[in-house]
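Each remark here refers to the structure printed beneath this line.
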Amino acid sequence: MEILILGTGCPKCDKLTAETQLAADDLGLNCKVRKVTEVAEILKYRVMLTPALVVNGEVKVVGKVPSIEEIKSYLT
């Protein structure tokens with residue numbers, strides 16, 4: 001499973017990264033959450049607001065930090 005957090009390093013991006021890793025750990029998923037900070041790479045996903053959560057190439061959340069339970073629903 002590939003999990004990406006798209007963002008330039010703002011506090012919301014950091015929070016989404018941490019909470020997504022926590023959700024993955026809670027679910028027992030053996031994966032690493034990778035941050036993508038390069039604007040050109042972020043734009044490949046057609047994301048104009050950050051942070052964004054991408055799971056297996058599909059954009060799930062844009063412009064907000066969802067609850068951990070919501071994040072878990074995107075990972076299952």
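How things are named: the first chain in the structure tokens is A, the next is B, and so on; residues count from 1 in each chain; ligands count from 1 in the order shown.
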
- Query: Contacts of region 55-57 of chain A at 10 Å or less, counting only C-alpha atoms, minus same-chain residues fewer than 3 places along, as a PyMOL selection string?
  - Reply: chain A and resi 1-5+33+45+60-61+74-76

Could you write those residues out with N, CA, C and O atoms, as a compact mmCIF listing (two decimals), in the first residue's frame?
# COMPACT_ATOMS: atom_id res chain seq x y z
N MET A 1 0.85 -1.18 0.00
CA MET A 1 0.00 0.00 0.00
C MET A 1 0.89 1.23 0.00
O MET A 1 1.84 1.32 0.77
N GLU A 2 0.58 2.16 -0.89
CA GLU A 2 1.32 3.42 -0.96
C GLU A 2 0.45 4.53 -0.37
O GLU A 2 -0.67 4.76 -0.82
N ILE A 3 0.97 5.19 0.65
CA ILE A 3 0.26 6.30 1.29
C ILE A 3 1.13 7.53 1.18
O ILE A 3 2.28 7.53 1.64
N LEU A 4 0.58 8.58 0.58
CA LEU A 4 1.31 9.84 0.41
C LEU A 4 0.56 10.97 1.09
O LEU A 4 -0.68 11.01 1.05
N ILE A 5 1.31 11.89 1.66
CA ILE A 5 0.76 13.15 2.15
C ILE A 5 1.37 14.23 1.27
O ILE A 5 2.58 14.37 1.19
N VAL A 33 4.21 6.07 5.65
CA VAL A 33 3.58 7.25 5.09
C VAL A 33 4.69 8.15 4.55
O VAL A 33 5.62 8.50 5.28
N TYR A 45 -1.06 15.30 -9.10
CA TYR A 45 -2.29 14.73 -8.55
C TYR A 45 -3.47 15.69 -8.71
O TYR A 45 -4.54 15.41 -8.19
N LYS A 60 -7.77 11.04 -1.66
CA LYS A 60 -8.89 10.77 -0.75
C LYS A 60 -9.36 12.02 -0.02
O LYS A 60 -10.54 12.16 0.26
N VAL A 61 -8.43 12.90 0.35
CA VAL A 61 -8.76 14.10 1.13
C VAL A 61 -7.93 15.26 0.60
O VAL A 61 -6.75 15.09 0.31
N TYR A 74 -10.31 5.36 4.93
CA TYR A 74 -9.66 5.50 3.63
C TYR A 74 -8.59 4.44 3.41
O TYR A 74 -8.24 4.13 2.28
N LEU A 75 -8.06 3.91 4.51
CA LEU A 75 -6.97 2.93 4.41
C LEU A 75 -7.46 1.50 4.32
O LEU A 75 -6.66 0.59 4.08
N THR A 76 -8.76 1.28 4.55
CA THR A 76 -9.28 -0.09 4.50
C THR A 76 -10.14 -0.33 3.29
O THR A 76 -10.52 0.53 2.59

Applying 10 Å and only C-alpha atoms, which residues near region 12-17 of chain A remain after dropping the ones on its own chain fewer than 4 positions away? List them as a short mmCIF file (atom, residue, chain, number, x, y, z; two decimals) with N, CA, C and O atoms, in the first residue's frame.
data_model
loop_
_atom_site.label_atom_id
_atom_site.label_comp_id
_atom_site.auth_asym_id
_atom_site.auth_seq_id
_atom_site.Cartn_x
_atom_site.Cartn_y
_atom_site.Cartn_z
N ILE A 3 0.97 5.19 0.65
CA ILE A 3 0.26 6.30 1.29
C ILE A 3 1.13 7.53 1.18
O ILE A 3 2.28 7.53 1.64
N LEU A 4 0.58 8.58 0.58
CA LEU A 4 1.31 9.84 0.41
C LEU A 4 0.56 10.97 1.09
O LEU A 4 -0.68 11.01 1.05
N ILE A 5 1.31 11.89 1.66
CA ILE A 5 0.76 13.15 2.15
C ILE A 5 1.37 14.23 1.27
O ILE A 5 2.58 14.37 1.19
N LEU A 6 0.51 14.96 0.59
CA LEU A 6 0.96 16.04 -0.27
C LEU A 6 0.87 17.35 0.48
O LEU A 6 -0.18 17.68 1.03
N GLY A 7 1.98 18.07 0.54
CA GLY A 7 1.99 19.36 1.22
C GLY A 7 3.38 19.92 1.30
O GLY A 7 4.37 19.19 1.21
N THR A 8 3.45 21.20 1.50
CA THR A 8 4.74 21.89 1.49
C THR A 8 5.42 21.96 2.85
O THR A 8 6.48 22.55 2.98
N GLN A 21 -0.07 8.00 9.91
CA GLN A 21 0.81 6.92 10.36
C GLN A 21 0.21 6.23 11.58
O GLN A 21 0.24 5.01 11.68
N LEU A 22 -0.37 7.00 12.49
CA LEU A 22 -1.03 6.43 13.67
C LEU A 22 -2.20 5.54 13.25
O LEU A 22 -2.35 4.42 13.76
N ALA A 23 -3.00 6.00 12.31
CA ALA A 23 -4.13 5.21 11.82
C ALA A 23 -3.65 3.91 11.19
O ALA A 23 -4.22 2.84 11.43
N VAL A 33 4.21 6.07 5.65
CA VAL A 33 3.58 7.25 5.09
C VAL A 33 4.69 8.15 4.55
O VAL A 33 5.62 8.50 5.28
N ARG A 34 4.61 8.48 3.27
CA ARG A 34 5.64 9.29 2.64
C ARG A 34 5.10 10.69 2.35
O ARG A 34 3.99 10.83 1.85
N LYS A 35 5.90 11.69 2.70
CA LYS A 35 5.53 13.08 2.43
C LYS A 35 6.07 13.50 1.08
O LYS A 35 7.20 13.20 0.73
N VAL A 36 5.23 14.20 0.33
CA VAL A 36 5.62 14.77 -0.96
C VAL A 36 5.53 16.28 -0.82
O VAL A 36 4.44 16.82 -0.59
N THR A 37 6.67 16.95 -0.93
CA THR A 37 6.71 18.39 -0.70
C THR A 37 6.98 19.20 -1.96
O THR A 37 6.80 20.42 -1.95
N THR A 50 -3.59 22.03 0.05
CA THR A 50 -2.93 21.03 0.88
C THR A 50 -3.37 21.21 2.32
O THR A 50 -3.85 22.28 2.67
N PRO A 51 -3.25 20.20 3.12
CA PRO A 51 -2.67 18.90 2.83
C PRO A 51 -3.64 18.02 2.05
O PRO A 51 -4.84 18.30 2.01
N ALA A 52 -3.08 16.98 1.43
CA ALA A 52 -3.90 16.00 0.73
C ALA A 52 -3.40 14.61 1.09
O ALA A 52 -2.21 14.40 1.30
N LEU A 53 -4.33 13.68 1.15
CA LEU A 53 -4.03 12.28 1.43
C LEU A 53 -4.27 11.48 0.16
O LEU A 53 -5.35 11.56 -0.42
N GLY A 63 -7.21 19.50 1.46
CA GLY A 63 -7.43 20.76 2.15
C GLY A 63 -7.88 20.68 3.60
O GLY A 63 -8.29 21.69 4.16
N LYS A 64 -7.80 19.49 4.20
CA LYS A 64 -8.21 19.38 5.61
C LYS A 64 -7.50 18.20 6.26
O LYS A 64 -6.92 17.36 5.58
N VAL A 65 -7.60 18.15 7.57
CA VAL A 65 -7.08 17.03 8.34
C VAL A 65 -8.29 16.30 8.92
O VAL A 65 -8.91 16.78 9.86
N PRO A 66 -8.63 15.14 8.36
CA PRO A 66 -9.78 14.40 8.88
C PRO A 66 -9.45 13.72 10.20
O PRO A 66 -8.28 13.64 10.60
N SER A 67 -10.48 13.21 10.86
CA SER A 67 -10.27 12.48 12.11
C SER A 67 -9.51 11.18 11.83
O SER A 67 -9.49 10.70 10.68
N ILE A 68 -8.93 10.61 12.86
CA ILE A 68 -8.21 9.34 12.70
C ILE A 68 -9.16 8.25 12.22
O ILE A 68 -8.80 7.43 11.37
N ILE A 71 -9.59 8.70 8.56
CA ILE A 71 -8.39 8.25 7.86
C ILE A 71 -8.38 6.73 7.77
O ILE A 71 -8.09 6.16 6.71
#

- Looking at A:Arg46, A:Glu58, A:Lys32, A:Glu70, which one is nearest to Ala18 (chain A), with distances taken over only C-alpha atoms?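 Nearest to Ala18 (chain A): A:Lys32.
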
- Message: I'd like to know which residues of region 2-53 of chain A are helix (DSSP H, G or I) (by DSSP, run on the backbone); could you write them as an MDAnalysis selection string?
- Response: chainID A and resid 11:26 39:43

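DSSP secondary structure from the backbone places Val33, Arg34, Lys35, Val36, Ala52, Leu53, Val54, Val55, Glu58, Val59, Lys60, Val61 and Val62 of chain A of region 19-75 of chain A in strand (DSSP E or B).
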
Could you dump the residues just selected with N, CA and C atoms as an mmCIF file, in the first residue's frame?
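Output saved as result_30.cif:
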data_model
loop_
_atom_site.group_PDB
_atom_site.id
_atom_site.type_symbol
_atom_site.label_atom_id
_atom_site.label_comp_id
_atom_site.auth_asym_id
_atom_site.auth_seq_id
_atom_site.Cartn_x
_atom_site.Cartn_y
_atom_site.Cartn_z
ATOM 1 N N VAL A 33 4.211 6.067 5.654
ATOM 2 C CA VAL A 33 3.581 7.253 5.093
ATOM 3 C C VAL A 33 4.695 8.146 4.554
ATOM 4 N N ARG A 34 4.608 8.480 3.275
ATOM 5 C CA ARG A 34 5.643 9.294 2.641
ATOM 6 C C ARG A 34 5.101 10.686 2.355
ATOM 7 N N LYS A 35 5.903 11.694 2.701
ATOM 8 C CA LYS A 35 5.527 13.081 2.434
ATOM 9 C C LYS A 35 6.069 13.503 1.075
ATOM 10 N N VAL A 36 5.229 14.202 0.326
ATOM 11 C CA VAL A 36 5.620 14.766 -0.964
ATOM 12 C C VAL A 36 5.525 16.279 -0.819
ATOM 13 N N ALA A 52 -3.083 16.983 1.434
ATOM 14 C CA ALA A 52 -3.903 16.000 0.729
ATOM 15 C C ALA A 52 -3.402 14.606 1.086
ATOM 16 N N LEU A 53 -4.331 13.679 1.148
ATOM 17 C CA LEU A 53 -4.028 12.283 1.431
ATOM 18 C C LEU A 53 -4.266 11.479 0.163
ATOM 19 N N VAL A 54 -3.248 10.731 -0.257
ATOM 20 C CA VAL A 54 -3.333 9.892 -1.452
ATOM 21 C C VAL A 54 -3.072 8.455 -1.031
ATOM 22 N N VAL A 55 -3.996 7.556 -1.384
ATOM 23 C CA VAL A 55 -3.854 6.140 -1.062
ATOM 24 C C VAL A 55 -3.859 5.358 -2.374
ATOM 25 N N GLU A 58 -4.847 7.285 -5.450
ATOM 26 C CA GLU A 58 -6.158 7.935 -5.464
ATOM 27 C C GLU A 58 -6.227 9.006 -4.371
ATOM 28 N N VAL A 59 -6.561 10.222 -4.777
ATOM 29 C CA VAL A 59 -6.685 11.315 -3.816
ATOM 30 C C VAL A 59 -7.947 11.097 -2.980
ATOM 31 N N LYS A 60 -7.766 11.037 -1.662
ATOM 32 C CA LYS A 60 -8.887 10.771 -0.749
ATOM 33 C C LYS A 60 -9.360 12.017 -0.015
ATOM 34 N N VAL A 61 -8.430 12.900 0.349
ATOM 35 C CA VAL A 61 -8.755 14.097 1.133
ATOM 36 C C VAL A 61 -7.930 15.259 0.598
ATOM 37 N N VAL A 62 -8.566 16.425 0.503
ATOM 38 C CA VAL A 62 -7.862 17.630 0.056
ATOM 39 C C VAL A 62 -8.232 18.788 0.963
#

- Please indicate the distance in Å from CA of Cys10 (chain A) to CA of Asn30 (chain A), rounded to one decimal place. 26.0 Å

- Mind pulling up the distance from CA of Ala24 (chain A) to CA of Lys44 (chain A)?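 Pair CA of Lys44 (chain A) / CA of Ala24 (chain A) returns 24.5 Å.
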
- Query: How many Å separate CA of Glu19 (chain A) from CA of Glu69 (chain A)?
  - Reply: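 CA of Glu69 (chain A) lies at a distance of 9.8 Å from CA of Glu19 (chain A).
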